There are 2 protein chains.
Amino acid sequence: MTTIKDISKVAGVSVTTVSRALNGYSDVNEETRKKILEIAKQLNYSPNTLARGLVMKKSQTIGLLVSGMNRESVKDNLTFQVLCGINECVSVRNYDLILFNTDSTRQREKTYTQLCRERKVDGVIIQGIKLDDPYLKEVMESDIPCVLVDIPVETNTVGYVTTDNVLGAKKAVEHLIELGHQNIAMVNGSNQAFVSKQRLKGYEIALKENGIKVKRNWIVDGEFKEEMAKEVVLSLLSSTPEITAIFCASDLMAMGALKACQEQGLVVPNDISIIGYDDILLASYVTPSLTTIKQDMFEMGYEAADLLVDMLEGKAKKRHRILETKLVQRESCTRI
Amino acid sequence: MTTIKDISKVAGVSVTTVSRALNGYSDVNEETRKKILEIAKQLNYSPNTLARGLVMKKSQTIGLLVSGMNRESVKDNLTFQVLCGINECVSVRNYDLILFNTDSTRQREKTYTQLCRERKVDGVIIQGIKLDDPYLKEVMESDIPCVLVDIPVETNTVGYVTTDNVLGAKKAVEHLIELGHQNIAMVNGSNQAFVSKQRLKGYEIALKENGIKVKRNWIVDGEFKEEMAKEVVLSLLSSTPEITAIFCASDLMAMGALKACQEQGLVVPNDISIIGYDDILLASYVTPSLTTIKQDMFEMGYEAADLLVDMLEGKAKKRHRILETKLVQRESCTRI
DNA sequence: GTGAAAGCGCTAACAT
DNA sequence: ATGTTAGCGCTTTCAC
């Protein structure tokens, strides 16, 4: 393995000069620089990032803490899309990505801070974390620059990227109301998820603004799972047959709701309208295809990485970015 | 940041002893070890992996070279599944993962070997690479331990994980033959993809073994893309209306074929049978749902990582692993 | 414009 | 069982 020492020998200069030349410092003779660059190329030199990181105390590396990379999480590739976005941005801005695992059997063996310090990552992006996750507390207390996806925490070192979930949910419910619906139920996700709280808020606002009373027992929890959503919708349908539309806090749950309706012999959208959230890939493939609120997860990832690097480089004016959502009309909703 | 030096001071021993104690060497007094461990905990010590990597010349890190992490690759989450599998295994076996980007704008700025050497990765997993990719040649010439997903290259330092694609394709075509089909076309992927060559072989073998003649003009190329497959199937249908079944080398292309048939007013499977390959998530959601050859990409990733770590630790008996495929019968094929 | 020297945090001979 | 010492490859004062 070639080192700067090797280069310095061949070039007949000191390692200092080699280092400076290679790093583009100005105080080095153009002749010398040229020669050094030449030799480095010939010797097929690549810098040792470990050594550099050791002395500079930073590694040009961003840590990635992702939950939802297990065998079960195949159905919604939201996580993957976020990953792709991060990957794209990070490579443009010349960082590498190191993947920390959070949901294996070895989980929680190391704390968040340990993970980061050991690897000397410059910053971290966290995705798929719940509000009650112990990591979250650590994040807020630590001084490691960090960007959260879909959790609005802002401190001196922590920022976040999210969509306007209140507005998104509001759009969904307003769409149903415009179609003439008044009896609108909601299948929410986890009550420990930030987005759930927000979407519930949007649901309530939309109803109130339109003079419709919010009924507590029309709001059920599907844990963001297809099967669970199916269950709760089944019981919802039997207990409150007067509902004509359901707003689901995720497409996956909307698919569960779809199944529940079909099982009850209800035709969607003729008998009952269903609107989802996310616009996952499957949304356009299920029958009937799902009307939904689209969020661009690729962009979410991209912006998260972009914000973090901005923060690292002291270019971030504000430490949060809010992305837009969009109503996508398909077949699962109709005028009453 | 606490270092072993800090610990050594507090404990009143040398850094060597601290190092040895922390790394579980046997030649250290139990009393001393206990005290050191205690102090390390109190001081909230975490080791600096950069420093360790620098001296040990290895980093307990596995590099990941993935193509297909861009905005377009959202439809088949095969890549993601492989990633999840790798991630799972790697964390069990106590390595971290570093993600190298290969298809950004900055692509090819650095060579494969540079990427690896700079980061001092112990080994690499490569996924989604084509046979004519310049990286591949480099891999074979380099001495960095490497496992390839779906490319059968084996050297002293390179191994691979794949499925038996010949057998898989054979299963698919035999299934069609059993259903009474004789006029079976094939939509293949890229001729620079290893799996394509194999699947073509399986197709030909199945036909020959059943006394059916292989017709060159019944074999078309869809570039593994849905749109492209639709195009070529459209022209196939008009030029050779006698075909009763199509074997597609991927589910995505099978979906394209499906669309082509529908556009031509053909009912699948009544008028024509279609069988895919992969068993992607969408396969069970399109209408009609796709009969296909399932490969378990999560396992593929898991085994790739497992094999690599075995190689790194000198435990690998053989440097390749072949996984099984399975026929999944759904609605897109029927008896003639 | 260039070099000598120190040091980042750690491991590993080689003593003792 | 423990300490001394050197050194991994790099950057960075400080001096010339």
# chains A, B, ... in the order shown; residues from 1 in each chain; ligands from 1

call {"tool": "calpha_fit_and_write", "arguments": {"fixed": "chain A", "moving": "chain B", "output": "tab-separated table (two decimals) with C-alpha atoms, in the first residue's frame"}}
result
chain	number	residue	atom	x	y	z
B	1	MET	CA	0.06	0.00	0.05
B	2	THR	CA	1.48	3.33	-0.95
B	3	THR	CA	1.60	6.05	1.68
B	4	ILE	CA	2.52	9.69	1.50
B	5	LYS	CA	5.85	8.70	2.92
B	6	ASP	CA	6.55	6.58	-0.15
B	7	ILE	CA	5.61	9.49	-2.34
B	8	SER	CA	7.76	11.88	-0.39
B	9	LYS	CA	10.77	9.65	-0.84
B	10	VAL	CA	10.36	9.37	-4.56
B	11	ALA	CA	9.64	13.06	-4.94
B	12	GLY	CA	12.47	14.05	-2.66
B	13	VAL	CA	10.29	16.27	-0.49
B	14	SER	CA	8.84	15.96	2.98
B	15	VAL	CA	5.57	14.28	3.81
B	16	THR	CA	4.15	17.66	4.79
B	17	THR	CA	4.59	18.96	1.30
B	18	VAL	CA	3.05	15.85	-0.13
B	19	SER	CA	0.09	16.19	2.19
B	20	ARG	CA	-0.34	19.82	1.28
B	21	ALA	CA	-0.02	19.20	-2.42
B	22	LEU	CA	-2.51	16.36	-2.34
B	23	ASN	CA	-5.02	18.39	-0.39
B	24	GLY	CA	-4.85	21.34	-2.70
B	25	TYR	CA	-3.26	23.86	-0.39
B	26	SER	CA	-2.10	27.01	-2.09
B	27	ASP	CA	1.27	27.34	-0.43
B	28	VAL	CA	3.04	24.81	-2.57
B	29	ASN	CA	5.00	25.37	-5.73
B	30	GLU	CA	3.12	24.45	-8.85
B	31	GLU	CA	6.07	22.47	-10.14
B	32	THR	CA	6.30	20.49	-6.94
B	33	ARG	CA	2.58	19.86	-6.85
B	34	LYS	CA	2.59	18.58	-10.38
B	35	LYS	CA	5.43	16.21	-9.68
B	36	ILE	CA	3.78	14.90	-6.54
B	37	LEU	CA	0.44	14.37	-8.23
B	38	GLU	CA	2.23	12.54	-10.98
B	39	ILE	CA	4.06	10.25	-8.63
B	40	ALA	CA	0.93	9.62	-6.57
B	41	LYS	CA	-0.80	8.44	-9.69
B	42	GLN	CA	2.09	6.25	-10.75
B	43	LEU	CA	2.30	4.67	-7.34
B	44	ASN	CA	-1.43	4.14	-7.39
B	45	TYR	CA	-1.83	5.97	-4.13
B	46	SER	CA	-5.04	6.14	-2.18
B	47	PRO	CA	-5.29	8.02	1.07
B	48	ASN	CA	-5.97	6.14	4.26
B	49	THR	CA	-9.19	7.63	5.56
B	50	LEU	CA	-8.69	5.99	8.93
B	51	ALA	CA	-5.43	7.81	9.53
B	52	ARG	CA	-6.87	11.04	8.29
B	53	GLY	CA	-9.99	10.62	10.40
B	54	LEU	CA	-7.90	9.88	13.43
B	55	VAL	CA	-6.02	13.14	13.30
B	56	MET	CA	-8.83	15.30	11.97
B	57	LYS	CA	-11.37	13.88	14.37
B	58	LYS	CA	-13.87	13.56	11.62
B	59	SER	CA	-14.40	10.91	9.02
B	60	GLN	CA	-16.44	12.31	6.17
B	61	THR	CA	-18.96	9.68	7.09
B	62	ILE	CA	-22.63	9.87	7.92
B	63	GLY	CA	-24.22	7.28	10.13
B	64	LEU	CA	-27.57	5.83	9.26
B	65	LEU	CA	-29.87	4.51	11.94
B	66	VAL	CA	-32.73	2.72	10.29
B	67	SER	CA	-35.37	0.60	11.81
B	68	GLY	CA	-37.47	-1.43	9.44
B	69	MET	CA	-34.86	-3.37	7.58
B	70	ASN	CA	-36.02	-6.82	8.49
B	71	ARG	CA	-37.75	-9.59	6.69
B	72	GLU	CA	-41.18	-8.26	7.50
B	73	SER	CA	-40.76	-4.78	6.17
B	74	VAL	CA	-40.85	-5.77	2.56
B	75	LYS	CA	-44.31	-4.56	1.72
B	76	ASP	CA	-43.80	-0.90	2.01
B	77	ASN	CA	-40.62	0.18	0.41
B	78	LEU	CA	-40.87	3.63	1.89
B	79	THR	CA	-37.75	2.87	3.89
B	80	PHE	CA	-35.91	1.89	0.76
B	81	GLN	CA	-36.97	5.04	-1.01
B	82	VAL	CA	-35.69	7.18	1.82
B	83	LEU	CA	-32.46	5.23	1.69
B	84	CYS	CA	-32.10	5.82	-2.02
B	85	GLY	CA	-32.63	9.53	-1.56
B	86	ILE	CA	-30.06	9.73	1.20
B	87	ASN	CA	-27.61	7.70	-0.81
B	88	GLU	CA	-28.00	9.96	-3.81
B	89	CYS	CA	-27.44	13.18	-1.93
B	90	VAL	CA	-24.65	11.90	0.22
B	91	SER	CA	-22.66	10.80	-2.77
B	92	VAL	CA	-23.15	14.12	-4.49
B	93	ARG	CA	-21.85	15.89	-1.43
B	94	ASN	CA	-18.95	13.55	-1.03
B	95	TYR	CA	-19.67	11.65	2.14
B	96	ASP	CA	-19.92	7.96	2.74
B	97	LEU	CA	-22.69	6.21	4.51
B	98	ILE	CA	-22.33	3.78	7.34
B	99	LEU	CA	-25.27	1.65	8.24
B	100	PHE	CA	-25.97	1.00	11.87
B	101	ASN	CA	-28.32	-1.75	12.71
B	102	THR	CA	-31.07	-1.15	15.20
B	103	ASP	CA	-33.43	-4.04	15.07
B	104	SER	CA	-31.41	-7.17	15.16
B	105	THR	CA	-31.03	-9.50	18.05
B	106	ARG	CA	-27.97	-7.54	19.09
B	107	GLN	CA	-30.11	-4.45	19.35
B	108	ARG	CA	-29.49	-2.02	22.14
B	109	GLU	CA	-26.26	-3.64	23.05
B	110	LYS	CA	-24.65	-0.35	22.28
B	111	THR	CA	-26.08	3.05	22.85
B	112	TYR	CA	-26.63	5.56	20.11
B	113	THR	CA	-23.76	7.69	21.24
B	114	GLN	CA	-21.40	4.75	21.43
B	115	LEU	CA	-22.28	3.72	17.91
B	116	CYS	CA	-21.50	7.18	16.63
B	117	ARG	CA	-18.41	7.84	18.64
B	118	GLU	CA	-16.79	4.54	17.88
B	119	ARG	CA	-17.07	5.18	14.19
B	120	LYS	CA	-16.42	8.89	14.50
B	121	VAL	CA	-19.27	9.73	12.19
B	122	ASP	CA	-19.70	13.40	11.49
B	123	GLY	CA	-23.45	13.23	11.71
B	124	VAL	CA	-26.40	10.88	11.75
B	125	ILE	CA	-29.68	10.41	9.98
B	126	ILE	CA	-32.37	8.55	11.84
B	127	GLN	CA	-35.32	6.97	10.11
B	128	GLY	CA	-38.25	4.89	11.26
B	129	ILE	CA	-37.88	5.61	14.94
B	130	LYS	CA	-40.80	5.85	17.36
B	131	LEU	CA	-41.45	8.66	19.80
B	132	ASP	CA	-40.90	6.37	22.76
B	133	ASP	CA	-37.69	4.92	21.41
B	134	PRO	CA	-34.89	5.24	23.96
B	135	TYR	CA	-32.57	6.31	21.18
B	136	LEU	CA	-34.58	9.47	20.69
B	137	LYS	CA	-33.85	10.78	24.15
B	138	GLU	CA	-30.18	10.08	23.63
B	139	VAL	CA	-30.19	11.92	20.35
B	140	MET	CA	-31.56	15.02	21.96
B	141	GLU	CA	-29.04	14.94	24.75
B	142	SER	CA	-26.05	14.15	22.61
B	143	ASP	CA	-24.09	16.75	20.74
B	144	ILE	CA	-23.79	14.76	17.56
B	145	PRO	CA	-25.33	16.52	14.58
B	146	CYS	CA	-28.42	14.63	13.62
B	147	VAL	CA	-31.36	14.84	11.25
B	148	LEU	CA	-34.55	12.99	12.02
B	149	VAL	CA	-36.95	11.79	9.38
B	150	ASP	CA	-40.53	12.46	10.36
B	151	ILE	CA	-39.89	13.48	13.94
B	152	PRO	CA	-39.95	17.21	14.65
B	153	VAL	CA	-37.22	17.68	17.19
B	154	GLU	CA	-35.07	20.73	16.88
B	155	THR	CA	-32.11	21.59	19.08
B	156	ASN	CA	-28.76	23.17	18.42
B	157	THR	CA	-27.49	19.97	16.87
B	158	VAL	CA	-30.68	18.21	15.84
B	159	GLY	CA	-32.89	18.97	12.89
B	160	TYR	CA	-35.62	17.18	10.99
B	161	VAL	CA	-37.34	16.67	7.68
B	162	THR	CA	-40.99	15.90	7.46
B	163	THR	CA	-44.10	16.59	5.48
B	164	ASP	CA	-46.99	18.64	6.73
B	165	ASN	CA	-48.98	15.73	8.06
B	166	VAL	CA	-51.74	17.86	9.48
B	167	LEU	CA	-52.31	19.44	6.10
B	168	GLY	CA	-52.00	16.12	4.32
B	169	ALA	CA	-54.64	14.49	6.45
B	170	LYS	CA	-56.80	17.56	6.12
B	171	LYS	CA	-56.57	17.31	2.34
B	172	ALA	CA	-57.66	13.70	2.48
B	173	VAL	CA	-60.66	14.31	4.65
B	174	GLU	CA	-61.66	17.45	2.77
B	175	HIS	CA	-61.62	15.43	-0.42
B	176	LEU	CA	-64.07	13.01	1.12
B	177	ILE	CA	-66.25	15.85	2.35
B	178	GLU	CA	-66.26	17.42	-1.09
B	179	LEU	CA	-67.49	14.12	-2.41
B	180	GLY	CA	-70.46	14.47	-0.07
B	181	HIS	CA	-69.32	12.27	2.79
B	182	GLN	CA	-70.24	13.23	6.35
B	183	ASN	CA	-69.78	9.99	8.22
B	184	ILE	CA	-66.04	9.59	7.97
B	185	ALA	CA	-64.12	7.17	10.16
B	186	MET	CA	-60.39	7.13	10.65
B	187	VAL	CA	-57.96	4.24	10.98
B	188	ASN	CA	-54.88	5.66	12.64
B	189	GLY	CA	-51.43	4.12	13.11
B	190	SER	CA	-49.50	3.93	16.32
B	191	ASN	CA	-50.14	6.44	19.05
B	192	GLN	CA	-46.41	6.54	19.61
B	193	ALA	CA	-45.79	7.75	16.10
B	194	PHE	CA	-45.53	11.45	15.56
B	195	VAL	CA	-47.14	11.33	12.16
B	196	SER	CA	-50.17	9.60	13.63
B	197	LYS	CA	-50.81	12.40	16.05
B	198	GLN	CA	-50.51	14.92	13.28
B	199	ARG	CA	-52.76	13.09	10.90
B	200	LEU	CA	-55.36	12.74	13.59
B	201	LYS	CA	-55.20	16.48	14.10
B	202	GLY	CA	-55.72	17.08	10.40
B	203	TYR	CA	-58.69	14.76	10.42
B	204	GLU	CA	-60.29	16.59	13.30
B	205	ILE	CA	-59.64	20.03	11.84
B	206	ALA	CA	-61.14	19.11	8.51
B	207	LEU	CA	-64.27	17.80	10.18
B	208	LYS	CA	-64.67	20.74	12.51
B	209	GLU	CA	-64.11	23.31	9.81
B	210	ASN	CA	-66.94	21.69	7.94
B	211	GLY	CA	-69.24	21.56	10.91
B	212	ILE	CA	-69.01	17.82	11.34
B	213	LYS	CA	-68.79	16.41	14.83
B	214	VAL	CA	-65.79	14.24	15.68
B	215	LYS	CA	-66.88	10.91	17.10
B	216	ARG	CA	-64.30	9.20	19.28
B	217	ASN	CA	-65.50	5.69	18.55
B	218	TRP	CA	-65.08	6.28	14.83
B	219	ILE	CA	-61.37	6.59	15.34
B	220	VAL	CA	-59.58	3.27	15.60
B	221	ASP	CA	-55.96	2.14	15.72
B	222	GLY	CA	-54.46	-0.18	13.13
B	223	GLU	CA	-50.84	-0.08	14.26
B	224	PHE	CA	-49.76	0.68	10.71
B	225	LYS	CA	-50.34	-2.97	9.89
B	226	GLU	CA	-52.48	-4.37	7.14
B	227	GLU	CA	-53.86	-7.28	9.16
B	228	MET	CA	-54.57	-5.19	12.20
B	229	ALA	CA	-56.36	-2.57	10.12
B	230	LYS	CA	-58.54	-5.25	8.61
B	231	GLU	CA	-59.54	-6.45	12.07
B	232	VAL	CA	-60.43	-3.06	13.45
B	233	VAL	CA	-62.31	-2.07	10.31
B	234	LEU	CA	-64.33	-5.25	10.50
B	235	SER	CA	-65.52	-4.41	13.98
B	236	LEU	CA	-65.98	-0.79	12.99
B	237	LEU	CA	-68.25	-1.80	10.14
B	238	SER	CA	-70.43	-3.90	12.35
B	239	SER	CA	-70.66	-1.41	15.19
B	240	THR	CA	-71.18	1.69	13.08
B	241	PRO	CA	-72.69	0.75	9.72
B	242	GLU	CA	-73.61	4.37	9.03
B	243	ILE	CA	-70.09	5.37	8.01
B	244	THR	CA	-69.65	5.99	4.29
B	245	ALA	CA	-65.94	6.70	4.13
B	246	ILE	CA	-62.73	5.76	5.89
B	247	PHE	CA	-59.53	7.75	6.07
B	248	CYS	CA	-56.58	5.49	6.71
B	249	ALA	CA	-53.27	6.85	7.99
B	250	SER	CA	-51.31	4.59	5.64
B	251	ASP	CA	-51.89	2.80	2.36
B	252	LEU	CA	-51.00	-0.51	3.92
B	253	MET	CA	-53.82	-0.06	6.40
B	254	ALA	CA	-56.09	1.12	3.59
B	255	MET	CA	-55.40	-2.21	1.92
B	256	GLY	CA	-56.46	-3.93	5.11
B	257	ALA	CA	-59.60	-1.83	5.19
B	258	LEU	CA	-60.25	-2.78	1.59
B	259	LYS	CA	-60.09	-6.44	2.49
B	260	ALA	CA	-62.40	-5.95	5.45
B	261	CYS	CA	-64.99	-4.27	3.25
B	262	GLN	CA	-64.77	-6.95	0.61
B	263	GLU	CA	-65.17	-9.59	3.27
B	264	GLN	CA	-68.35	-7.85	4.40
B	265	GLY	CA	-69.67	-7.79	0.87
B	266	LEU	CA	-69.25	-4.04	0.55
B	267	VAL	CA	-68.19	-2.69	-2.82
B	268	VAL	CA	-65.51	-0.01	-2.73
B	269	PRO	CA	-66.10	2.77	-3.63
B	270	ASN	CA	-69.84	2.35	-4.35
B	271	ASP	CA	-70.82	1.32	-0.84
B	272	ILE	CA	-67.96	2.91	0.99
B	273	SER	CA	-65.03	5.17	0.07
B	274	ILE	CA	-61.51	4.56	1.30
B	275	ILE	CA	-58.60	6.97	1.16
B	276	GLY	CA	-55.05	6.11	2.15
B	277	TYR	CA	-51.80	7.88	2.90
B	278	ASP	CA	-48.25	7.53	1.49
B	279	ASP	CA	-48.85	6.44	-2.08
B	280	ILE	CA	-46.84	3.29	-1.82
B	281	LEU	CA	-46.15	1.31	-4.94
B	282	LEU	CA	-49.00	-1.09	-4.28
B	283	ALA	CA	-51.53	1.72	-4.08
B	284	SER	CA	-51.99	1.81	-7.83
B	285	TYR	CA	-52.04	-1.97	-8.17
B	286	VAL	CA	-54.67	-3.07	-5.70
B	287	THR	CA	-58.25	-3.33	-6.89
B	288	PRO	CA	-59.77	-0.80	-6.70
B	289	SER	CA	-56.66	1.35	-6.88
B	290	LEU	CA	-56.22	3.61	-3.90
B	291	THR	CA	-56.91	7.29	-3.77
B	292	THR	CA	-54.27	8.56	-1.40
B	293	ILE	CA	-52.04	11.36	-0.15
B	294	LYS	CA	-48.68	11.07	-1.80
B	295	GLN	CA	-45.46	11.84	-0.03
B	296	ASP	CA	-42.18	11.70	-1.88
B	297	MET	CA	-39.96	9.57	0.31
B	298	PHE	CA	-37.00	9.74	-2.04
B	299	GLU	CA	-37.03	13.48	-1.71
B	300	MET	CA	-37.45	13.11	2.02
B	301	GLY	CA	-34.23	11.13	2.19
B	302	TYR	CA	-32.46	13.48	-0.15
B	303	GLU	CA	-33.43	16.54	1.84
B	304	ALA	CA	-32.54	14.88	5.12
B	305	ALA	CA	-29.02	14.23	3.89
B	306	ASP	CA	-28.77	17.65	2.33
B	307	LEU	CA	-29.87	19.33	5.53
B	308	LEU	CA	-27.41	17.32	7.60
B	309	VAL	CA	-24.48	18.16	5.38
B	310	ASP	CA	-25.52	21.80	5.43
B	311	MET	CA	-25.51	21.63	9.20
B	312	LEU	CA	-22.11	19.97	9.24
B	313	GLU	CA	-20.68	22.61	6.98
B	314	GLY	CA	-22.32	25.44	8.85
B	315	LYS	CA	-24.53	26.37	5.95
B	316	ALA	CA	-27.90	25.54	7.44
B	317	LYS	CA	-30.05	28.59	8.04
B	318	LYS	CA	-32.86	26.64	9.62
B	319	ARG	CA	-32.71	23.13	10.94
B	320	HIS	CA	-35.94	21.77	9.52
B	321	ARG	CA	-37.48	21.24	6.14
B	322	ILE	CA	-41.12	20.63	5.47
B	323	LEU	CA	-42.08	18.92	2.24
B	324	GLU	CA	-45.38	18.95	0.43
B	325	THR	CA	-47.93	16.23	-0.04
B	326	LYS	CA	-50.33	15.75	-2.90
B	327	LEU	CA	-53.75	14.23	-3.32
B	328	VAL	CA	-53.67	11.40	-5.84
B	329	GLN	CA	-57.12	10.48	-7.06
B	330	ARG	CA	-57.71	6.90	-8.12
B	331	GLU	CA	-60.63	4.55	-7.80
B	332	SER	CA	-61.31	3.96	-4.13
B	333	CYS	CA	-63.34	7.12	-3.45
B	334	THR	CA	-66.52	8.30	-5.06
B	335	ARG	CA	-69.28	10.86	-4.67
B	336	ILE	CA	-71.94	9.71	-2.28

call {"tool": "select_by_dssp", "arguments": {"residues": "segment 100-281 of chain A", "states": "strand (DSSP E)", "output": "CSV table (one decimal) with N, CA and C atoms, in the first residue's frame"}}
result
chain,number,residue,atom,x,y,z
A,100,PHE,N,-25.9,1.6,10.6
A,100,PHE,CA,-26.0,1.0,11.9
A,100,PHE,C,-27.3,0.2,11.9
A,101,ASN,N,-27.2,-0.9,12.6
A,101,ASN,CA,-28.4,-1.7,12.7
A,101,ASN,C,-29.1,-1.5,14.0
A,123,GLY,N,-22.1,13.0,11.4
A,123,GLY,CA,-23.5,13.2,11.7
A,123,GLY,C,-24.3,12.0,11.5
A,124,VAL,N,-25.6,12.1,11.8
A,124,VAL,CA,-26.4,10.9,11.8
A,124,VAL,C,-27.8,11.2,11.2
A,125,ILE,N,-28.3,10.3,10.4
A,125,ILE,CA,-29.7,10.4,10.0
A,125,ILE,C,-30.5,9.3,10.6
A,126,ILE,N,-31.6,9.6,11.2
A,126,ILE,CA,-32.4,8.6,11.8
A,126,ILE,C,-33.7,8.4,11.2
A,127,GLN,N,-34.1,7.2,10.9
A,127,GLN,CA,-35.3,7.0,10.1
A,127,GLN,C,-36.1,5.8,10.7
A,146,CYS,N,-27.5,15.7,13.9
A,146,CYS,CA,-28.4,14.6,13.6
A,146,CYS,C,-29.6,15.2,12.9
A,147,VAL,N,-30.1,14.5,11.9
A,147,VAL,CA,-31.4,14.8,11.2
A,147,VAL,C,-32.3,13.7,11.4
A,148,LEU,N,-33.5,14.0,11.8
A,148,LEU,CA,-34.6,13.0,12.0
A,148,LEU,C,-35.5,13.0,10.9
A,149,VAL,N,-35.9,11.9,10.4
A,149,VAL,CA,-37.0,11.8,9.4
A,149,VAL,C,-38.3,11.6,10.1
A,158,VAL,N,-29.7,19.1,16.4
A,158,VAL,CA,-30.7,18.2,15.8
A,158,VAL,C,-31.7,18.9,14.9
A,159,GLY,N,-31.9,18.4,13.8
A,159,GLY,CA,-32.9,19.0,12.9
A,159,GLY,C,-33.8,17.9,12.4
A,160,TYR,N,-34.7,18.2,11.5
A,160,TYR,CA,-35.6,17.2,11.0
A,160,TYR,C,-36.2,17.5,9.6
A,161,VAL,N,-36.6,16.5,9.0
A,161,VAL,CA,-37.4,16.7,7.7
A,161,VAL,C,-38.7,15.9,7.8
A,162,THR,N,-39.7,16.6,7.4
A,162,THR,CA,-41.0,15.9,7.5
A,162,THR,C,-41.9,16.5,6.4
A,163,THR,N,-43.1,15.9,6.3
A,163,THR,CA,-44.1,16.6,5.5
A,163,THR,C,-45.1,17.2,6.4
A,184,ILE,N,-67.4,10.0,8.4
A,184,ILE,CA,-66.1,9.6,8.0
A,184,ILE,C,-65.3,9.0,9.2
A,185,ALA,N,-64.9,7.8,9.1
A,185,ALA,CA,-64.1,7.2,10.2
A,185,ALA,C,-62.6,7.3,9.9
A,186,MET,N,-61.8,7.1,10.9
A,186,MET,CA,-60.4,7.1,10.7
A,186,MET,C,-59.7,5.9,11.3
A,187,VAL,N,-58.8,5.3,10.5
A,187,VAL,CA,-58.0,4.2,11.0
A,187,VAL,C,-56.6,4.9,11.2
A,188,ASN,N,-56.2,5.0,12.4
A,188,ASN,CA,-54.9,5.7,12.6
A,188,ASN,C,-53.8,4.6,12.8
A,219,ILE,N,-62.8,6.5,15.5
A,219,ILE,CA,-61.4,6.6,15.3
A,219,ILE,C,-60.7,5.3,15.9
A,220,VAL,N,-60.1,4.5,15.1
A,220,VAL,CA,-59.6,3.3,15.6
A,220,VAL,C,-58.1,3.2,15.2
A,221,ASP,N,-57.4,2.2,15.9
A,221,ASP,CA,-56.0,2.1,15.7
A,221,ASP,C,-55.6,0.9,15.0
A,245,ALA,N,-67.3,6.5,4.6
A,245,ALA,CA,-66.0,6.7,4.1
A,245,ALA,C,-65.0,6.4,5.3
A,246,ILE,N,-63.8,6.0,4.9
A,246,ILE,CA,-62.7,5.7,5.9
A,246,ILE,C,-61.4,6.4,5.4
A,247,PHE,N,-60.9,7.2,6.3
A,247,PHE,CA,-59.5,7.8,6.1
A,247,PHE,C,-58.5,6.9,6.8
A,248,CYS,N,-57.6,6.3,6.1
A,248,CYS,CA,-56.6,5.5,6.7
A,248,CYS,C,-55.2,6.2,6.7
A,273,SER,N,-66.3,4.6,0.6
A,273,SER,CA,-65.0,5.1,0.1
A,273,SER,C,-63.9,5.0,1.0
A,274,ILE,N,-62.7,4.7,0.5
A,274,ILE,CA,-61.5,4.6,1.3
A,274,ILE,C,-60.4,5.4,0.7
A,275,ILE,N,-59.8,6.2,1.6
A,275,ILE,CA,-58.6,7.0,1.2
A,275,ILE,C,-57.4,6.6,2.0
A,276,GLY,N,-56.3,6.5,1.4
A,276,GLY,CA,-55.0,6.1,2.1
A,276,GLY,C,-54.1,7.3,2.3
A,277,TYR,N,-52.8,6.9,2.7
A,277,TYR,CA,-51.8,7.9,2.9
A,277,TYR,C,-50.5,7.3,2.6
A,278,ASP,N,-49.6,7.9,1.9
A,278,ASP,CA,-48.3,7.5,1.5
A,278,ASP,C,-48.1,7.5,0.0

call {"tool": "atom_distance", "arguments": {"atom1": "atom C1' of DT5 of chain D", "atom2": "atom C1' of DA4 of chain C"}}
result
21.1 Å

call {"tool": "select_by_dssp", "arguments": {"residues": "segment 36-216 of chain A", "states": "alpha helix (DSSP H)", "output": "ChimeraX atom specification"}}
result
/A:36-42,49-56,78-92,112-119,134-141,165-178,194-209

call {"tool": "atom_distance", "arguments": {"atom1": "atom C1' of DT11 of chain D", "atom2": "atom C1' of DA13 of chain C"}}
result
27.2 Å

call {"tool": "interface_residues", "arguments": {"of": "chain C", "to": "chain A", "cutoff": "10 Å", "atoms": "only C-alpha atoms (C1' of nucleotides)", "output": "ChimeraX atom specification"}}
result
/C:1-4,7-9

call {"tool": "interface_residues", "arguments": {"of": "chain D", "to": "chain B", "cutoff": "7 Å", "atoms": "only C-alpha atoms (C1' of nucleotides)", "output": "list in words"}}
result
DA1, DT2, DG3 and DC8 of chain D

call {"tool": "write_last_selection", "arguments": {"atoms": "C-alpha atoms (C1' of nucleotides)", "output": "compact mmCIF listing (two decimals), in the first residue's frame"}}
result
# COMPACT_ATOMS: atom_id res chain seq x y z
C1' DA D 1 1.05 -10.25 35.08
C1' DT D 2 2.51 -5.70 33.66
C1' DG D 3 5.21 -1.81 31.50
C1' DC D 8 0.11 2.52 11.96
